[in-house]
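> Sharing a structure here in structure tokens format.
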Amino acid sequence: MSTVGRRALSAVDRRPAAAPRWRERCARWAGRAAPPAALLLLLLAGWEWAVRAFGVPFYILPAPSRIAGVLVADHAMLLADAAVTLSEVLAGFAVAFVVGIGLALAIFSSRTIDRAVYPLIIASQTVPVFAIAPLLIVWFGYGMTSKVAMAALIVFFPIVVNTVDGLRAADPDMVNLLRILGAGSGQILMKIRVPAALPFVFSGTRIAVATSVIGAVIGEWVGATRGLGFAMIHANAQLHIDLVFAAIVYLSAMALGLFVAVSAAEWLALPWRRATDPGAARPESGGGNG
Amino acid sequence: MGEKLRIERITKRFPASASRRGPGSSVDALVGVSLHVDEHEFVTLVGPSGCGKSTVCNIVAGLVRADEGTVMIDGTPPGTAGGRVAYMQQKDLLLPWRTVVDNAVLGLEVQGVARAEARAEALEWLRTFGLEGFERAYPATLSGGMRQRVALVRTLLCRRELLVLDEPFGALDAMTRSTMQEYLLRLREEYGRTVLFITHDVEEAVLLSDRIYVMTARPGRVRAELAVPLERPRRATDAAVVERKAQILEWLRPELVGASG
């Protein structure tokens with residue numbers, strides 16, 4: 001093979017490998033995290049000051065310092081309840097994920113299923129999930145199953161809808177390319193449709209994990225013997241408002257943690273999306289003038 | 001030399017948009033188009049946009065069926081299962097989730113060639129095309145010219161003797177385009193691939209081809225055929241090249257006047 005063109009071209013195309021530096025990245029991240037963190041601290045300080053200045057009783061609105069005290073003092077109980085709620089969330093999420101992806105594939109591959117099922121799935125969103133919660137307790141009891149079902153019901157919708165959208169989003173020209181190469185529909189699904197759908201699946205999942213916590217807590221409010229939602233109802237009834245707040249802190253930390261976990265999984269699973277980061281992209285020297 | 005591709009009087013109609021014409025009417029995209037490509041030959045279809053050049057490609061590739069007429073690749077119809085020709089378009093169609101080398105091996109992968117073998121072959125071709133050091137890069141980080149080179153490597157790696165190239169360099173700037181043309185000619189000379197090339201660029205057609213079919217639009221039909229028995233490399237300023245460009249433009253003139261009116 002000749003190397004004439006190779007030499008001529010490589011001189012033009014080479015670029016210094018701009019490896020993103022960890023230090024730079026951390027600095028950028030810290031720069032982004034600092035403003036909201038400062039604002040949060042300011043709000044907490046204002047809250048603390050207001051509670052003290054106006055002498056608000058702790059059973060109406062506890063000061064942040066008092067909530068922090070409860071977080072420390074009752075951490076064993078809170079952690080145990082959080083573990084229960086988290087396992088409900090994860091189980092519900094897993095069920096919804098498996099069933100949702102399966103249904104999305106069915107909707108995508110069959111016109112009949114699409115026409116019959118998809119409108120119903122959309123319409124089902126008009127039913128307030130809160131309304132079903134007592135029924136689920138009747139059907140599945142006070143144990144974990146009813147909460148898992150609750151979380152799964154809430155998570156199901158964004159996963160199905162986003163996955164169907166994703167499977168349909170594949171560039172038809174890419175599908176044709178595979179067809180010309182002699183690929184069957186199975187290969188087209190695995191090599192084009194699924195990879196093209198993944199970003200959609202991840203964005204659906206990101207929405208879903210945060211809301212799955214809501215599902216589990218509603219289930220626990222309606223009827224449970226354990227879990228953070230149960231702890232909240234119990235504490236509320238006894239005017240242990242500081243404990244209610246402590247449970248809320250745990251719940252939002254849990255939702256945030258799940259959100260971050262999904263984002264991290266996306267970062268790992270879709271390295272090509274990182275390549276399109278504007279900081280890493282190189283200017284087009286070709287396209288656009290045809 | 002054997003005949004690689006023969007197209008016999010193909011006709012293709014597309015349904016007209018209801019807003020413009022009456023219901024049930026159709027637009028003739030191609031009418032009685034016949035052409036042939038011999039083995040190792042570089043044949044170009046040149047014509048204005050909308051003359052049905054791409055429809056010819058899609059029919060040869062097996063994506064679209066002609067309403068009438070026959071298509072034979074190596075003496076048999078292309079069928080609808082694909083896998084008969086290597087096809088390249090103006091859009092590079094690189095899969096954004098695959099690295100350069102993984103994009104290049106796509107054709108071999110579909111054919112079930114062992115991964116290690118496919119990659120070894122791809123790496124060699126990528127080196128030839130000046131893509132060394134970018135094997136593991138994602139397409140989004142490459143320039144338009146580099147992306148199109150990866151697409152060309154992917155096309156070549158399909159191990160098909162007939163390459164169908166549908167305005168492959170249409171979106172590239174002039175300099176990148178002429179480099180790509182050199183690559184393509186070298187491939188033809190060194191590996192004896194058969195090429196059916198589509199372009200609306202008359203100069204590109206004359207610089208590259210052994211034979212040229214000139215197509216006109218509405219309906220798409222072959223207006224003329226022109227052999228270009230000139231030595232390569234050719235220059236755009238060679239008298240013989242200029243003469244043929246003028247001849248083709250003359251054939252296309254009624255077309256160009258009609259299009260601007």
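Just so we're on the same page: first chain in the structure tokens is A, next is B, and so on; residues restart at 1 for each chain, and ligands are numbered from 1 in the order they show up.
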Would you mind listing, for every residue of segment 91-137 of chain A within 12 Å of segment 195-208 of chain A, the two atoms forming the shortest contact and the distance between them in Å to one decimal, using only C-alpha atoms, sorted by chain and ascending residue number, as a Markdown table?


| residue | atom | partner | partner_atom | distance |
| --- | --- | --- | --- | --- |
| A:Gly92 | CA | A:Ala208 | CA | 10.6 |
| A:Phe93 | CA | A:Ala208 | CA | 7.9 |
| A:Ala94 | CA | A:Thr205 | CA | 10.7 |
| A:Ala96 | CA | A:Ala208 | CA | 9.5 |
| A:Phe97 | CA | A:Thr205 | CA | 8.3 |
| A:Val98 | CA | A:Thr205 | CA | 11.8 |
| A:Gly100 | CA | A:Val201 | CA | 10.3 |
| A:Ile101 | CA | A:Val201 | CA | 8.7 |
| A:Ala104 | CA | A:Val201 | CA | 10.4 |
| A:Leu105 | CA | A:Ala197 | CA | 10.8 |
| A:Phe108 | CA | A:Ala197 | CA | 11.5 |

> Could you list, with a cut-off of 7 Å and counting only C-alpha atoms, the residues of chain B near chain A, each shown with its nearest atom pair and the distance in Å rounded to one decimal, rows sorted by chain and ascending number, as a Markdown table?


| residue | atom | partner | partner_atom | distance |
| --- | --- | --- | --- | --- |
| B:Ala61 | CA | A:Ile180 | CA | 6.3 |
| B:Ala81 | CA | A:Gly182 | CA | 5.9 |
| B:Gly82 | CA | A:Ile180 | CA | 4.3 |
| B:Gly83 | CA | A:Gly182 | CA | 4.0 |
| B:Leu93 | CA | A:Met174 | CA | 6.0 |
| B:Pro96 | CA | A:Trp272 | CA | 6.6 |
| B:Trp97 | CA | A:Trp272 | CA | 5.2 |
| B:Gly107 | CA | A:Leu181 | CA | 5.8 |
| B:Val110 | CA | A:Ala183 | CA | 5.8 |
| B:Thr128 | CA | A:Arg6 | CA | 6.0 |
| B:Phe129 | CA | A:Arg6 | CA | 5.6 |
| B:Gly130 | CA | A:Arg6 | CA | 4.1 |
| B:Tyr138 | CA | A:Trp272 | CA | 6.1 |
| B:Ala140 | CA | A:Thr276 | CA | 5.7 |
| B:Thr141 | CA | A:Ala281 | CA | 5.0 |
| B:Leu142 | CA | A:Arg282 | CA | 6.7 |
| B:Ser143 | CA | A:Glu284 | CA | 4.7 |
| B:Gly144 | CA | A:Gly286 | CA | 4.1 |
| B:Gly145 | CA | A:Gly286 | CA | 5.4 |
| B:Gly170 | CA | A:Gly290 | CA | 5.1 |
| B:Ala171 | CA | A:Gly290 | CA | 4.0 |
| B:Leu172 | CA | A:Gly286 | CA | 4.8 |
| B:Asp173 | CA | A:Gly286 | CA | 5.5 |

> Env of Gly219 of chain A: 10 Å cut, atoms = only C-alpha atoms, seq-sep filter 3 positions within chain, self excluded. Answer as a PyMOL selection string.

chain A and resi 85+88+129-130+132-134+136-137+142-151+213-216+222-224+227+229-230

> Selected residues, C-alpha atoms, written as an mmCIF file, in the first residue's frame, please.


data_model
loop_
_atom_site.group_PDB
_atom_site.id
_atom_site.type_symbol
_atom_site.label_atom_id
_atom_site.label_comp_id
_atom_site.auth_asym_id
_atom_site.auth_seq_id
_atom_site.Cartn_x
_atom_site.Cartn_y
_atom_site.Cartn_z
ATOM 1 C CA THR A 85 -37.358 2.098 51.934
ATOM 2 C CA GLU A 88 -38.484 -1.186 48.218
ATOM 3 C CA VAL A 129 -51.165 7.087 41.762
ATOM 4 C CA PHE A 130 -52.155 8.211 45.271
ATOM 5 C CA ILE A 132 -54.366 3.397 43.891
ATOM 6 C CA ALA A 133 -52.153 3.190 46.960
ATOM 7 C CA PRO A 134 -54.917 2.048 49.386
ATOM 8 C CA LEU A 136 -52.460 -1.941 46.652
ATOM 9 C CA ILE A 137 -52.397 -2.294 50.436
ATOM 10 C CA TYR A 142 -48.817 -4.141 54.709
ATOM 11 C CA GLY A 143 -45.513 -5.762 53.801
ATOM 12 C CA MET A 144 -42.924 -4.826 51.248
ATOM 13 C CA THR A 145 -44.822 -6.020 48.151
ATOM 14 C CA SER A 146 -47.352 -3.186 48.086
ATOM 15 C CA LYS A 147 -44.577 -0.572 48.249
ATOM 16 C CA VAL A 148 -42.600 -2.309 45.536
ATOM 17 C CA ALA A 149 -45.713 -2.280 43.364
ATOM 18 C CA MET A 150 -46.262 1.405 44.110
ATOM 19 C CA ALA A 151 -42.701 2.378 43.191
ATOM 20 C CA VAL A 213 -38.703 7.183 46.082
ATOM 21 C CA ILE A 214 -41.987 9.095 46.083
ATOM 22 C CA GLY A 215 -43.833 5.899 45.173
ATOM 23 C CA ALA A 216 -42.358 3.906 48.020
ATOM 24 C CA VAL A 222 -50.922 4.457 53.471
ATOM 25 C CA GLY A 223 -50.016 1.386 55.421
ATOM 26 C CA ALA A 224 -46.721 -0.019 56.632
ATOM 27 C CA GLY A 227 -39.600 2.393 56.449
ATOM 28 C CA GLY A 229 -42.509 6.932 55.248
ATOM 29 C CA PHE A 230 -43.861 4.968 58.185
#

> Please list as a list in words every residue within 8 Å of segment 155-165 of chain B, counting only C-alpha atoms and excluding residues in the same chain fewer than 2 positions away.

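The neighbour list is Leu181 of chain A; Lys4, Cys57, Ala61, Arg84, Val85, Ala86, Tyr87, Met88, Gln89, Ala104, Val105, Gly107, Leu108, Ala122, Ala151, Leu152, Val153, Glu167, Pro168, Arg193, Thr194, Val195, Leu196, Phe197 and Ile198 of chain B.
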
> Restricting the output to C-alpha atoms, write the selected residues as a PDB file, in the first residue's frame.


ATOM      1  CA  LEU A 181     -24.592  -4.662   4.359  1.00  0.00           C
TER       2      LEU A 181
ATOM      3  CA  LYS B   4     -20.499  -6.444 -13.331  1.00  0.00           C
ATOM      4  CA  CYS B  57     -28.336   3.642  -6.513  1.00  0.00           C
ATOM      5  CA  ALA B  61     -28.402  -1.644  -3.599  1.00  0.00           C
ATOM      6  CA  ARG B  84     -24.523  -7.468  -2.874  1.00  0.00           C
ATOM      7  CA  VAL B  85     -22.784  -4.123  -3.194  1.00  0.00           C
ATOM      8  CA  ALA B  86     -20.753  -1.765  -1.056  1.00  0.00           C
ATOM      9  CA  TYR B  87     -22.666   1.473  -0.758  1.00  0.00           C
ATOM     10  CA  MET B  88     -21.560   4.893   0.349  1.00  0.00           C
ATOM     11  CA  GLN B  89     -23.546   8.094   0.599  1.00  0.00           C
ATOM     12  CA  ALA B 104     -14.779   0.400   9.902  1.00  0.00           C
ATOM     13  CA  VAL B 105     -15.404  -3.281  10.679  1.00  0.00           C
ATOM     14  CA  GLY B 107     -19.571  -4.716   7.208  1.00  0.00           C
ATOM     15  CA  LEU B 108     -17.293  -7.600   8.170  1.00  0.00           C
ATOM     16  CA  ALA B 122      -9.448  -2.444   9.327  1.00  0.00           C
ATOM     17  CA  ALA B 151     -16.900   5.726   5.790  1.00  0.00           C
ATOM     18  CA  LEU B 152     -14.859   4.907   2.685  1.00  0.00           C
ATOM     19  CA  VAL B 153     -12.791   2.354   4.631  1.00  0.00           C
ATOM     20  CA  GLU B 167     -22.138  11.693  -4.106  1.00  0.00           C
ATOM     21  CA  PRO B 168     -19.706  10.506  -1.431  1.00  0.00           C
ATOM     22  CA  ARG B 193     -12.610  -2.435  -7.704  1.00  0.00           C
ATOM     23  CA  THR B 194     -15.565  -1.721  -9.934  1.00  0.00           C
ATOM     24  CA  VAL B 195     -17.186   1.622  -9.217  1.00  0.00           C
ATOM     25  CA  LEU B 196     -20.584   3.121  -9.988  1.00  0.00           C
ATOM     26  CA  PHE B 197     -20.157   6.760  -9.003  1.00  0.00           C
ATOM     27  CA  ILE B 198     -22.894   9.372  -8.685  1.00  0.00           C
TER      28      ILE B 198
END

> Segment 204-218 of chain B: which residues within 9 Å, counting only C-alpha atoms, same-chain residues fewer than 3 positions away excluded, as a ChimeraX atom specification?

/B:27-30,35,37,41-53,178,181-182,184-185,197-201,221-230,232-236,241-242,244-245,248,251-252,255

> Give me, as number ranges by chain, the residues of segment 133-203 of chain B that a backbone DSSP run labels helix (DSSP H, G or I).

B: 139-141, 144-156, 174-191, 202-203

> Tell me, in Å to one decimal, how far atom CA of Thr70 of chain B is from atom CA of Ile10 of chain B.

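Straight-line distance from atom CA of Thr70 of chain B to atom CA of Ile10 of chain B works out to 6.3 Å.
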
> Near Glu48 of chain A, counting only C-alpha atoms, which residues have an atom at most 9 Å away, once you skip same-chain residues fewer than 4 positions from it, shown as a count of residues only?

8

> Please report the interatomic distance between atom CA of Ile67 of chain A and atom CA of Gly257 of chain A in Å with one decimal.

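Computing the Euclidean distance for atom CA of Ile67 of chain A and atom CA of Gly257 of chain A yields 20.5 Å.
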
> Rounded to one decimal place, report the atom CA of Pro139 of chain B-atom CA of Thr179 of chain B distance in Å.

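Separation between atom CA of Pro139 of chain B and atom CA of Thr179 of chain B: 19.6 Å.
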
> Write down as number ranges by chain the residues belonging to segment 84-258 of chain B that are assigned strand (DSSP E) by DSSP computed on the backbone.

B: 86-88, 162-166, 194-199, 211-216, 221-227

> Let me make sure I understand: among A:Val160, A:Ala83, A:Ala237, A:Ala231, which one has the smallest atom-to-atom distance to Asp114 of chain A if we use only C-alpha atoms?

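Residue with the minimum atom-to-atom distance to Asp114 of chain A: A:Val160.
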
> Calculated over only C-alpha atoms, which of the candidates B:Glu117, B:Val100, B:Asp67, B:Arg186 has the smallest distance to Gln148 of chain B?

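Of the candidates, the smallest distance to Gln148 of chain B is held by B:Val100.
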
> Would you kindly return, as an MDAnalysis selection string, each protein, DNA or RNA residue with an atom no farther than 12 Å from any atom of segment 124-126 of chain A, considering only C-alpha atoms and excluding same-chain residues fewer than 5 positions away?

chainID A and resid 117:119 131:132 153:158 161
